[in-house]
Structure formats: C-alpha cells, structure tokens
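> Sharing input23.csv, CSV, C-alpha atoms:
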chain,number,residue,atom,x,y,z
A,18,MET,CA,-1.2,9.6,16.1
A,19,THR,CA,-0.6,12.3,13.5
A,20,ARG,CA,-3.5,14.1,12.0
A,21,ARG,CA,-3.0,15.3,8.4
A,22,PRO,CA,-5.1,17.9,6.5
A,23,ALA,CA,-8.7,16.7,6.5
A,24,GLY,CA,-9.6,14.3,3.8
A,25,GLY,CA,-13.0,13.7,5.2
A,26,GLU,CA,-14.7,10.7,3.6
A,27,GLY,CA,-12.6,10.6,0.5
A,28,PRO,CA,-11.4,7.3,-1.2
A,29,VAL,CA,-9.2,4.9,0.8
A,30,ALA,CA,-6.6,2.8,-1.0
A,31,LEU,CA,-6.1,-0.6,0.5
A,32,ASN,CA,-2.8,-2.3,-0.3
A,33,ALA,CA,-3.2,-6.1,-0.4
A,34,LEU,CA,-0.4,-6.8,-3.0
A,35,PHE,CA,1.1,-9.3,-0.7
A,36,LEU,CA,-1.8,-11.7,-1.0
A,37,GLU,CA,-1.0,-15.0,-2.6
A,38,PRO,CA,-4.3,-16.9,-2.8
A,39,ASP,CA,-4.5,-20.0,-0.6
A,40,ARG,CA,-0.9,-19.5,0.6
A,41,VAL,CA,-0.8,-16.8,3.2
A,42,GLY,CA,-3.3,-18.3,5.7
A,43,GLY,CA,-4.7,-15.9,8.3
A,44,THR,CA,-3.7,-12.7,6.5
A,45,GLU,CA,-5.9,-13.8,3.5
A,46,THR,CA,-8.7,-14.4,6.0
A,47,TYR,CA,-8.1,-10.9,7.3
A,48,VAL,CA,-8.3,-9.2,3.9
A,49,ARG,CA,-11.3,-11.1,2.7
A,50,ALA,CA,-13.3,-10.5,5.9
A,51,LEU,CA,-12.2,-6.9,6.7
A,52,VAL,CA,-12.6,-5.3,3.3
A,53,PRO,CA,-16.4,-6.1,2.9
A,54,ALA,CA,-17.0,-5.1,6.5
A,55,LEU,CA,-15.3,-1.7,6.0
A,56,ALA,CA,-17.4,-1.1,2.9
A,57,ARG,CA,-20.6,-2.0,4.6
A,58,LEU,CA,-20.0,0.2,7.6
A,59,ALA,CA,-18.9,3.2,5.4
A,60,PRO,CA,-21.2,3.0,2.3
A,61,GLN,CA,-20.6,6.6,1.5
A,62,ARG,CA,-16.9,5.9,1.0
A,63,ARG,CA,-15.1,4.3,-1.9
A,64,PHE,CA,-12.3,1.8,-1.3
A,65,HIS,CA,-9.7,0.9,-3.9
A,66,LEU,CA,-8.4,-2.6,-3.2
A,67,PHE,CA,-5.0,-3.1,-4.9
A,68,LEU,CA,-4.2,-6.8,-5.7
A,69,SER,CA,-1.6,-8.7,-7.5
A,70,ARG,CA,-2.4,-10.5,-10.7
A,71,GLU,CA,-2.9,-13.8,-8.9
A,72,ALA,CA,-5.2,-12.4,-6.3
A,73,GLY,CA,-7.0,-10.3,-8.8
A,74,ALA,CA,-7.9,-13.4,-10.8
A,75,THR,CA,-9.8,-14.9,-7.8
A,76,ARG,CA,-13.4,-14.3,-6.8
A,77,TRP,CA,-14.1,-11.3,-4.5
A,78,ASP,CA,-17.6,-10.9,-2.9
A,79,VAL,CA,-17.4,-7.2,-2.0
A,80,PRO,CA,-20.0,-4.3,-1.9
A,81,GLY,CA,-20.3,-1.9,-4.8
A,82,ASN,CA,-18.2,0.8,-3.2
A,83,VAL,CA,-15.1,-1.5,-3.4
A,84,VAL,CA,-13.1,-1.1,-6.6
A,85,ILE,CA,-10.8,-4.0,-7.4
A,86,GLU,CA,-7.5,-2.7,-8.8
A,87,VAL,CA,-5.3,-5.4,-10.3
A,88,ALA,CA,-1.7,-4.2,-10.4
A,89,PRO,CA,0.7,-5.4,-13.1
A,90,CYS,CA,2.8,-7.4,-10.6
A,91,ARG,CA,2.9,-10.9,-9.2
A,92,SER,CA,2.8,-11.6,-5.5
A,93,VAL,CA,4.8,-14.8,-5.9
A,94,SER,CA,7.7,-12.6,-7.2
A,95,ARG,CA,8.6,-10.6,-4.1
A,96,PRO,CA,11.1,-8.3,-5.8
A,97,GLU,CA,8.5,-7.5,-8.4
A,98,ARG,CA,5.8,-7.0,-5.9
A,99,VAL,CA,7.8,-4.9,-3.4
A,100,GLY,CA,9.3,-2.9,-6.2
A,101,TRP,CA,5.8,-2.0,-7.5
A,102,GLU,CA,4.7,-1.3,-3.9
A,103,LEU,CA,7.5,1.1,-3.2
A,104,THR,CA,7.5,3.0,-6.5
A,105,ARG,CA,4.2,2.7,-8.3
A,106,LEU,CA,1.5,2.2,-5.6
A,107,VAL,CA,1.4,5.7,-4.2
A,108,PRO,CA,1.0,7.4,-7.7
A,109,ALA,CA,-1.7,4.9,-8.6
A,110,ALA,CA,-3.6,5.6,-5.3
A,111,ARG,CA,-3.2,9.3,-5.9
A,112,ARG,CA,-4.7,9.1,-9.3
A,113,ARG,CA,-7.8,7.5,-7.7
A,114,GLY,CA,-8.1,10.5,-5.4
A,115,ALA,CA,-7.1,8.5,-2.2
A,116,VAL,CA,-6.9,10.5,1.0
A,117,LEU,CA,-5.3,7.5,2.9
A,118,LEU,CA,-3.4,4.4,2.0
A,119,HIS,CA,-3.8,1.4,4.3
A,120,SER,CA,-1.3,-1.4,3.7
A,121,LEU,CA,-2.9,-4.7,5.0
A,122,GLY,CA,0.2,-6.9,5.2
A,123,THR,CA,3.1,-5.5,7.2
A,124,THR,CA,4.9,-3.8,4.3
A,125,SER,CA,4.1,-0.4,3.0
A,126,PRO,CA,5.4,2.5,0.8
A,127,LEU,CA,7.8,4.7,2.6
A,128,ARG,CA,6.3,8.1,1.8
A,129,ALA,CA,3.1,9.6,0.3
A,130,PRO,CA,1.4,12.9,0.0
A,131,PHE,CA,-1.5,11.5,2.2
A,132,PRO,CA,-1.5,9.5,5.5
A,133,LEU,CA,0.0,6.0,5.5
A,134,ALA,CA,-1.4,3.3,7.8
A,135,VAL,CA,0.0,-0.2,8.0
A,136,THR,CA,-1.2,-3.4,9.7
A,137,VAL,CA,1.6,-5.3,11.3
A,138,HIS,CA,0.5,-8.9,11.9
A,139,ASP,CA,3.6,-10.2,13.6
A,140,LEU,CA,7.4,-10.0,13.6
A,141,ILE,CA,8.1,-13.6,13.0
A,142,PHE,CA,10.8,-12.8,10.5
A,143,GLU,CA,12.7,-11.2,13.3
A,144,ALA,CA,12.1,-13.9,15.9
A,145,PHE,CA,12.4,-16.9,13.6
A,146,PRO,CA,14.3,-15.9,10.5
A,147,GLU,CA,14.9,-19.6,9.6
A,148,ALA,CA,11.2,-19.7,8.6
A,149,PHE,CA,11.9,-17.3,5.7
A,150,PRO,CA,14.0,-18.9,2.9
A,151,GLY,CA,16.7,-17.0,1.1
A,152,VAL,CA,17.1,-13.4,1.8
A,153,ARG,CA,13.5,-12.7,2.8
A,154,ALA,CA,14.1,-12.3,6.5
A,155,LYS,CA,17.0,-9.9,5.8
A,156,VAL,CA,14.9,-7.8,3.4
A,157,LEU,CA,12.0,-7.6,5.7
A,158,GLY,CA,14.3,-6.8,8.6
A,159,SER,CA,15.7,-3.9,6.6
A,160,LEU,CA,12.5,-2.5,5.2
A,161,VAL,CA,9.8,-3.0,7.9
A,162,PRO,CA,11.5,-0.9,10.6
A,163,ARG,CA,11.7,2.1,8.3
A,164,MET,CA,8.1,1.6,7.1
A,165,VAL,CA,6.8,1.4,10.7
A,166,ARG,CA,8.7,4.5,11.8
A,167,ARG,CA,7.5,6.5,8.8
A,168,ALA,CA,3.8,5.4,9.0
A,169,ASP,CA,1.3,7.8,10.4
A,170,LEU,CA,-0.5,4.8,12.0
A,171,VAL,CA,0.4,1.2,12.8
A,172,LEU,CA,-2.4,-1.2,13.5
A,173,ALA,CA,-1.2,-4.2,15.5
A,174,ASP,CA,-3.2,-7.5,15.6
A,175,SER,CA,-2.6,-7.8,19.4
A,176,ALA,CA,-1.1,-6.1,22.4
A,177,ALA,CA,1.7,-8.7,22.1
A,178,THR,CA,2.5,-7.5,18.6
A,179,ARG,CA,2.3,-3.9,19.7
A,180,ARG,CA,4.9,-4.6,22.4
A,181,ASP,CA,7.2,-6.2,19.9
A,182,VAL,CA,6.9,-3.3,17.5
A,183,LEU,CA,7.6,-0.7,20.2
A,184,ALA,CA,10.5,-2.8,21.6
A,185,ARG,CA,12.2,-3.6,18.4
A,186,TYR,CA,11.6,-0.5,16.3
A,187,ARG,CA,11.4,2.3,18.8
A,188,ALA,CA,8.1,3.4,17.1
A,189,ARG,CA,6.2,6.3,18.8
A,190,PRO,CA,3.6,4.7,21.1
A,191,GLU,CA,0.8,7.0,20.1
A,192,ARG,CA,1.1,5.9,16.5
A,193,VAL,CA,0.8,2.1,17.3
A,194,THR,CA,-2.7,0.9,18.2
A,195,VAL,CA,-4.2,-2.5,18.7
A,196,VAL,CA,-7.1,-3.7,16.5
A,197,HIS,CA,-7.9,-7.3,17.1
A,198,LEU,CA,-8.9,-9.5,14.3
A,199,GLY,CA,-12.3,-11.2,14.0
A,200,PRO,CA,-13.0,-14.9,14.8
A,201,GLY,CA,-11.6,-16.2,11.5
A,202,ARG,CA,-13.5,-18.2,9.0
A,203,ALA,CA,-17.1,-19.1,9.8
A,204,PRO,CA,-18.0,-22.8,9.9
A,205,LEU,CA,-19.6,-24.5,7.0
A,206,PRO,CA,-23.0,-26.2,7.5
A,207,LEU,CA,-21.9,-29.8,7.2
A,208,THR,CA,-24.1,-32.7,8.1
A,209,PRO,CA,-22.6,-35.5,10.3
A,210,ASP,CA,-22.7,-37.8,7.3
A,211,GLU,CA,-20.9,-35.3,5.1
A,212,ALA,CA,-18.3,-34.8,7.8
A,213,LEU,CA,-17.8,-38.5,8.2
A,214,ARG,CA,-17.4,-39.0,4.4
A,215,LEU,CA,-14.8,-36.1,4.2
A,216,ARG,CA,-12.8,-37.5,7.1
A,217,ALA,CA,-12.7,-40.9,5.4
A,218,ALA,CA,-11.5,-39.4,2.2
A,219,ALA,CA,-8.7,-37.7,4.2
A,220,GLY,CA,-7.7,-41.0,5.7
A,221,VAL,CA,-8.8,-40.1,9.2
A,222,ASP,CA,-11.0,-42.1,11.6
A,223,GLY,CA,-11.2,-43.1,15.2
A,224,ARG,CA,-10.3,-40.8,18.2
A,225,TYR,CA,-7.8,-38.1,17.5
A,226,VAL,CA,-6.2,-34.8,18.5
A,227,LEU,CA,-6.1,-32.1,15.8
A,228,SER,CA,-3.5,-29.3,15.1
A,229,VAL,CA,-3.7,-26.9,12.2
A,230,ALA,CA,-0.5,-25.0,11.3
A,231,THR,CA,2.0,-24.7,8.6
A,232,THR,CA,5.1,-26.8,9.2
A,233,GLN,CA,7.3,-23.8,10.0
A,234,PRO,CA,9.8,-23.9,12.9
A,235,HIS,CA,7.9,-21.4,15.1
A,236,LYS,CA,4.8,-23.6,15.0
A,237,ASN,CA,6.6,-26.0,17.3
A,238,ILE,CA,5.2,-29.2,15.7
A,239,GLY,CA,8.4,-31.1,16.4
A,240,ARG,CA,7.7,-30.9,20.2
A,241,LEU,CA,4.1,-31.8,19.6
A,242,ILE,CA,5.2,-35.0,17.8
A,243,ASP,CA,7.6,-35.8,20.7
A,244,ALA,CA,4.8,-35.1,23.2
A,245,PHE,CA,2.4,-37.3,21.2
A,246,ALA,CA,4.8,-40.2,21.4
A,247,ARG,CA,4.4,-40.0,25.2
A,248,VAL,CA,0.6,-39.6,24.9
A,249,ARG,CA,0.4,-42.9,23.0
A,250,HIS,CA,2.0,-44.8,25.9
A,251,ASP,CA,-1.0,-43.8,28.1
A,252,MET,CA,-3.7,-43.6,25.4
A,253,PRO,CA,-2.7,-46.0,22.5
A,254,ASP,CA,-6.1,-45.5,20.8
A,255,VAL,CA,-5.7,-41.8,20.2
A,256,GLY,CA,-4.3,-40.4,16.9
A,257,LEU,CA,-2.8,-37.1,15.9
A,258,VAL,CA,-3.9,-35.2,12.8
A,259,LEU,CA,-1.7,-32.4,11.5
A,260,VAL,CA,-3.2,-30.1,8.9
A,261,GLY,CA,-1.4,-27.4,7.1
A,262,ALA,CA,0.8,-26.3,4.2
A,263,ALA,CA,4.4,-27.5,4.0
A,264,GLY,CA,6.9,-25.2,5.5
A,265,THR,CA,10.6,-25.2,5.9
A,266,ALA,CA,10.5,-27.9,8.6
A,267,ASP,CA,8.2,-30.3,6.8
A,268,GLY,CA,10.7,-32.9,5.7
A,269,ALA,CA,12.3,-33.0,9.2
A,270,LEU,CA,8.9,-33.5,10.8
A,271,ARG,CA,8.0,-36.3,8.6
A,272,ARG,CA,11.3,-38.0,9.4
A,273,SER,CA,10.6,-37.5,13.1
A,274,VAL,CA,7.2,-39.2,12.8
A,275,ALA,CA,8.8,-42.2,11.1
A,276,ALA,CA,11.8,-42.4,13.5
A,277,ALA,CA,9.4,-42.4,16.5
A,278,GLY,CA,7.4,-45.3,15.0
A,279,LEU,CA,4.3,-43.1,14.8
A,280,ALA,CA,3.6,-43.6,11.1
A,281,GLY,CA,0.3,-45.3,11.8
A,282,ALA,CA,-0.7,-42.9,14.5
A,283,VAL,CA,0.1,-39.5,13.0
A,284,ARG,CA,-1.6,-38.3,9.8
A,285,MET,CA,-0.1,-35.3,8.1
A,286,THR,CA,-2.7,-34.2,5.5
A,287,GLY,CA,-1.0,-31.1,4.1
A,288,ARG,CA,-3.3,-28.3,3.1
A,289,VAL,CA,-7.0,-29.3,2.8
A,290,ASP,CA,-10.1,-27.5,1.5
A,291,ASP,CA,-12.4,-25.7,3.9
A,292,ALA,CA,-15.0,-28.4,4.0
A,293,THR,CA,-12.5,-31.1,4.8
A,294,LEU,CA,-11.0,-28.9,7.5
A,295,ASP,CA,-14.4,-28.4,9.1
A,296,ALA,CA,-15.0,-32.1,9.0
A,297,LEU,CA,-11.7,-32.7,10.8
A,298,TYR,CA,-12.7,-30.2,13.5
A,299,ALA,CA,-16.0,-31.9,13.9
A,300,GLY,CA,-14.4,-35.2,14.7
A,301,ALA,CA,-11.6,-34.0,17.0
A,302,ASP,CA,-11.6,-34.5,20.7
A,303,LEU,CA,-9.1,-31.7,21.3
A,304,PHE,CA,-7.4,-29.0,19.3
A,305,VAL,CA,-3.7,-28.4,20.2
A,306,TYR,CA,-1.8,-25.3,19.2
A,307,PRO,CA,1.8,-25.3,20.6
A,308,SER,CA,3.2,-22.3,18.7
A,309,LEU,CA,6.1,-20.4,20.0
A,310,TYR,CA,5.1,-17.1,18.4
A,311,GLU,CA,1.9,-15.7,17.0
A,312,GLY,CA,0.8,-12.2,16.1
A,313,PHE,CA,-2.8,-13.1,16.9
A,314,GLY,CA,-3.8,-16.8,16.6
A,315,LEU,CA,-6.9,-17.2,14.5
A,316,PRO,CA,-6.9,-21.1,14.8
A,317,LEU,CA,-7.8,-20.8,18.5
A,318,LEU,CA,-11.0,-18.9,17.7
A,319,GLU,CA,-11.8,-21.1,14.7
A,320,ALA,CA,-11.6,-24.2,16.9
A,321,MET,CA,-13.8,-22.5,19.6
A,322,GLN,CA,-16.4,-21.6,16.9
A,323,ARG,CA,-16.5,-25.3,16.0
A,324,ASP,CA,-17.0,-26.4,19.6
A,325,VAL,CA,-13.6,-28.1,20.0
A,326,PRO,CA,-11.8,-27.6,23.3
A,327,VAL,CA,-8.3,-26.1,23.0
A,328,LEU,CA,-4.9,-26.6,24.5
A,329,SER,CA,-2.6,-23.8,23.5
A,330,SER,CA,0.9,-22.5,24.1
A,331,ASP,CA,1.1,-19.8,26.7
A,332,ARG,CA,3.3,-17.5,24.6
A,333,THR,CA,3.0,-14.1,22.8
A,334,SER,CA,-0.6,-13.3,21.8
A,335,LEU,CA,-2.2,-16.6,22.5
A,336,PRO,CA,-3.4,-16.0,26.1
A,337,GLU,CA,-4.7,-12.6,25.0
A,338,VAL,CA,-6.9,-14.3,22.3
A,339,GLY,CA,-7.8,-17.5,24.3
A,340,GLY,CA,-8.5,-15.9,27.6
A,341,ASP,CA,-10.1,-18.2,30.2
A,342,ALA,CA,-11.6,-20.4,27.4
A,343,VAL,CA,-8.4,-22.2,26.7
A,344,ALA,CA,-6.1,-24.6,28.6
A,345,TYR,CA,-2.4,-23.6,28.4
A,346,ALA,CA,1.0,-25.4,28.4
A,347,ASP,CA,4.6,-24.4,28.2
A,348,PRO,CA,5.4,-24.9,24.5
A,349,GLU,CA,9.1,-25.6,25.3
A,350,SER,CA,8.3,-28.5,27.6
A,351,VAL,CA,7.4,-31.8,25.9
A,352,ASP,CA,6.3,-33.1,29.3
A,353,ALA,CA,3.9,-30.1,29.7
A,354,ILE,CA,2.4,-30.5,26.2
A,355,ALA,CA,1.9,-34.3,26.7
A,356,GLY,CA,0.5,-33.9,30.2
A,357,GLY,CA,-1.9,-31.2,29.0
A,358,ILE,CA,-3.2,-33.4,26.2
A,359,VAL,CA,-3.7,-36.5,28.4
A,360,ALA,CA,-5.3,-34.5,31.2
A,361,LEU,CA,-7.9,-32.9,28.9
A,362,LEU,CA,-8.6,-36.2,27.0
A,363,ARG,CA,-9.3,-37.9,30.4
A,364,ASP,CA,-11.4,-35.0,31.8
A,365,GLY,CA,-14.7,-34.6,30.0
A,366,ALA,CA,-16.0,-32.1,32.6
A,367,ARG,CA,-13.0,-29.8,31.9
A,368,ARG,CA,-13.6,-30.0,28.2
A,369,ARG,CA,-17.2,-29.1,28.7
A,370,GLU,CA,-16.1,-26.1,30.8
A,371,LEU,CA,-13.8,-24.9,28.0
A,372,ARG,CA,-16.6,-25.2,25.5
A,373,VAL,CA,-19.0,-23.1,27.6
A,374,ALA,CA,-16.3,-20.4,28.3
A,375,ALA,CA,-15.5,-20.3,24.6
A,376,GLN,CA,-18.9,-18.8,23.8
A,377,THR,CA,-18.2,-15.8,26.1
A,378,GLN,CA,-14.7,-15.4,24.7
A,379,LEU,CA,-15.9,-15.6,21.1
A,380,ALA,CA,-18.3,-12.7,21.8
A,381,ARG,CA,-15.3,-10.4,22.2
A,382,PHE,CA,-14.3,-10.8,18.6
A,383,SER,CA,-16.2,-9.8,15.4
A,384,TRP,CA,-15.1,-8.6,12.0
A,385,GLU,CA,-17.6,-5.8,12.4
A,386,ARG,CA,-15.7,-4.6,15.5
A,387,THR,CA,-12.4,-4.9,13.6
A,388,ALA,CA,-13.8,-2.8,10.8
A,389,ARG,CA,-15.3,-0.2,13.2
A,390,GLU,CA,-12.0,0.2,15.1
A,391,THR,CA,-10.1,0.5,11.7
A,392,LEU,CA,-12.5,3.2,10.5
A,393,ALA,CA,-12.2,5.1,13.8
A,394,ALA,CA,-8.4,5.1,13.2
A,395,TYR,CA,-9.0,6.4,9.6
A,396,ALA,CA,-11.1,9.2,11.0
A,397,GLU,CA,-8.3,10.3,13.3
A,398,LEU,CA,-6.0,10.5,10.3
A,399,THR,CA,-8.3,12.1,7.7
A,400,GLY,CA,-10.6,14.2,9.8
A,401,GLY,CA,-13.7,12.3,8.8
A,402,PRO,CA,-16.5,11.3,11.2
A,403,PRO,CA,-15.9,8.2,13.4
A,404,PRO,CA,-18.2,5.2,12.7
A,405,VAL,CA,-21.3,4.8,14.8
A,406,PRO,CA,-20.7,2.3,17.6
A,407,GLY,CA,-22.3,-1.1,17.0
A,408,PRO,CA,-24.3,-3.0,19.6
A,409,GLU,CA,-21.4,-5.5,20.2
A,410,ASP,CA,-19.2,-2.6,21.2
A,411,ALA,CA,-21.3,-1.9,24.3
A,412,ALA,CA,-22.0,-5.5,25.0
A,413,THR,CA,-18.4,-6.8,25.0
A,414,PRO,CA,-15.4,-5.0,26.3
A,415,SER,CA,-12.4,-4.6,24.0
A,416,LEU,CA,-9.2,-6.5,24.9
A,417,SER,CA,-7.0,-3.6,23.9
A,418,PRO,CA,-4.8,-2.2,26.5
Let me see the structure of the file written as structure tokens.


Amino acid sequence: MTRRPAGGEGPVALNALFLEPDRVGGTETYVRALVPALARLAPQRRFHLFLSREAGATRWDVPGNVVIEVAPCRSVSRPERVGWELTRLVPAARRRGAVLLHSLGTTSPLRAPFPLAVTVHDLIFEAFPEAFPGVRAKVLGSLVPRMVRRADLVLADSAATRRDVLARYRARPERVTVVHLGPGRAPLPLTPDEALRLRAAAGVDGRYVLSVATTQPHKNIGRLIDAFARVRHDMPDVGLVLVGAAGTADGALRRSVAAAGLAGAVRMTGRVDDATLDALYAGADLFVYPSLYEGFGLPLLEAMQRDVPVLSSDRTSLPEVGGDAVAYADPESVDAIAGGIVALLRDGARRRELRVAAQTQLARFSWERTARETLAAYAELTGGPPPVPGPEDAATPSLSP
C-alpha cells in the first residue's frame, strides 16, 4: 500500500455516483450502511458523499459530518455519469479540501493529486459479460483494469474477489486488501399477522422454498427451476418463490417455468418492498442461492438474520461468507441442487443445526467492523490515526486472509 504525504484527518470524498436507487441491490445496501458507520466512528472527520441526481433526491439518514454533494449527472446515463466521474469529480473533491477519494462502486477516476481508493465488489462483467447489455461489459473491461492498477488502494469485498483482481489485472498484492461487508439489511419488526397478510398480497401461501436474486445469467435460476421440477416429484406440496428484479434472463426463465408445467408451483414476484421480502423470509422453509459467481453474497447473511436455513452454491465467495452455517451444492449440477433441497426439507434436525450455527457466523460480520477496517485503510494512506478497535474486533476473528 502506498503512503502519500500526510493528510491527517482531513475531509474524505466518497464517490457513489453509480448508485441508482432501488436498482443496484447489494451495492446500495453497502453505501447506505457504510457511510453513516464511517461518520459515527470518525466524528472529527468530514465526509463528502457525491451522488447522482437520482440518488441525491432520495432520503439519507446520515450524521452531521456527512455532506451530501449532488453532481449534475444522472446515474441511469452511464456515459454521462462516467464522463463526470473521470473529468469533474477530482476537481470537485479538491475544492472541498479532500485528502482522499474513495470510490464505492468499482469504477474510479484514473488520477488525482491525493490518494485514490476503490472498492471492487466483483468482476461479474468479466466472467459473465452477457449479463451486461450493449457495450457495458466492454467499457468496464477496458476501464476497470486501469483504474485498479492506478489506485493507491483496492478494497475487495472478499478473498475470492481479491484473488480475481490479482489474477486478472496483475495488481500489486500489497495494494489489494479484503474488507468484508456487514450482514446486509436488518430485519423489520413484523408481527406474524402482518407477515401473513403481506404474503397473501404477494400471492404466496403454503410451504415453499425461497430464492432472492435478479434474473441475470450468473444467478443460475434456470438450473434452480430445473432442479425444482425434480423436487416436485418427491414433494408435490412444496412451492418455489423467486424474488428479484428482472434481468437479461427473465423472459427465458418465465418460459422455462411454463414449459416445465410449473406455473402453479413457481411464483416469480419481481422486485418487492422490504416489508414484503421480510414476510416472505418469515414463511420460507429454506433459502436457496445457486449463484455461479458472487463478490460477497449478502442474501446468505440476510437469510441467516431471519432464521431461515440456507442451501448455497459452493462457488467463489459464498463458502467464505456462509462458513459452516450453510449447506452447499454444486451449482452446475441440477441433481445436486434438487438433492440438497429435498434432503434439507426432510431433515428438520439439520435445519435446526444450521440455524444455530448461523448465529456464530453472523457475529463475524458487522457494518461497524467494515467501517473500522475501511478507516484503518484510510489511515495508512493519509497518515491519520487508525480507529480505536471495537469490542467485536476482539470477540470475533476476521475472515480476511
């Protein structure tokens, strides 16, 4: 990691221009949880959070030392947003007296008169370019390697993402560090009656397995649907509920459901609000996440928080996040996914074991720890003091390599 001339505890610019409200999933959770935590742990420091017009128009519950800076660009227009990020963001941050610019969403300016840090959440655009319509994958594949190699610090969500960054981009290992995310969105305090009403409104009842993911190719929902057709032969009373925004594979998946004769057994809700999602978690017997590629995997921790046992893919970052609190299956084997679902639905004792183990695994993750480790990285770059360790740092070991 490169140390620049000391900036002490001067202002930090936070680049969240990528944020499209209610459209970018876990990366929005990251920004909305991390920024207040940073500000609370470093009250002497000022943070300038740069947002697009769309994100700037939404509500932000942040401490007084966070200044919301609304840039004159739209996140939905990627050429407009990336153009402003590459040409205007650094001068704007410099006018605010920034001693560091931290880009929170994988893309970053290429140069600045102060240290540059960038959080790389994943390299899905490299592994699954078909998930990115038009020229997006090519643009990201051209820009991100240069941004990563020029950054003073790269924060990776997981050891798996760090390995990808080092392997694909030949980044210097000492500049790439792992900072795990927190446990996702906290559960809402729904009563059983409220949860039942919300499930009914979503058209969901009876016994079911839940999966939460956008319908993008790497989420592997097609194999989950094929696996569920086999589950129904053994357990015809079990349904499958698929929650998530429409991606590039949405139409093909809906046709697969119809072709398999599962229209009455599979409910594709699309995106739902937080209360409805929590109600769906509350009624699920099992959460299944068959993804082929994840930079972290917040849904695993969100299911654990809601006391739902989890069957996950065994690829990329997911075993790192799930640990011993999750059952795993080969996501490329329809038989393995189907067998894992049936085995867990039939084995109440195993589901209880997973619920108990989840409490230990969840203790390893907190947004305060994410913020402390991020501030420690800032201190290395700017010469400021590291944050005081929190009680959770001593009580729960880091998963970082």

> Here is a test: counting all atoms listed in the file, which residue of A:Val99, A:Arg166, A:His197, A:Tyr225 is nearest to A:Arg153?

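That would be A:Val99, the residue with the smallest distance to A:Arg153.
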
> Restricting the calculation to all atoms listed in the file: of A:Met285, A:Pro200, A:Arg367, A:Ile358, which residue gets closest to A:Gln322?

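Among the listed residues, the smallest separation from A:Gln322 belongs to A:Pro200.
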
> Separation of atom CA of A:Leu303 and atom CA of A:Leu259, in Å?

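Here the two named atoms are 12.3 Å from each other.
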
> Quick one, how far is atom CA of A:Tyr306 from atom CA of A:Ala344?

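Going from atom CA of A:Tyr306 over to atom CA of A:Ala344, I get 10.4 Å.
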
> Select, from A:Gly365, A:Gly312, A:Gly220, A:Gly300, the residue with the minimum atom-to-atom distance to A:Asp174, counting only C-alpha atoms.

A:Gly312

> Have a look at A:Asp181, A:Asp341, A:Asp243, A:Glu390 and name the one nearest to A:Leu270; count only C-alpha atoms.

A:Asp243

> Dig up all the protein and nucleic acid residues within 12 Å of (4.7, -44.1, 13.9) in the file frame, using only C-alpha atoms, and format them as a PyMOL selection string.

chain A and resi 242-243+245-246+249+253+256-257+270-285

> Report, in Å to a single decimal, how far apart atom CA of A:Gly239 and atom CA of A:Leu362 are.

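It comes out at 20.7 Å.
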
> Applying 9 Å and all atoms listed in the file, which residues near A:Ala50 remain after dropping the ones on its own chain fewer than 3 positions away? List them as a PyMOL selection string.

chain A and resi 45-47+53-54+199+201-202+384

> So which one's closest to A:Ala263, A:Gln233, A:Val289, A:Ala203, A:Glu370? Using only C-alpha atoms, please.

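Comparing A:Gln233, A:Val289, A:Ala203, A:Glu370 against A:Ala263, the winner is A:Gln233.
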
> Restricting the calculation to only C-alpha atoms, which member of A:Val52, A:Leu127, A:Gly287, A:Ala301 is positioned closest to A:Thr387?

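Of all the options, A:Val52 lies closest to A:Thr387.
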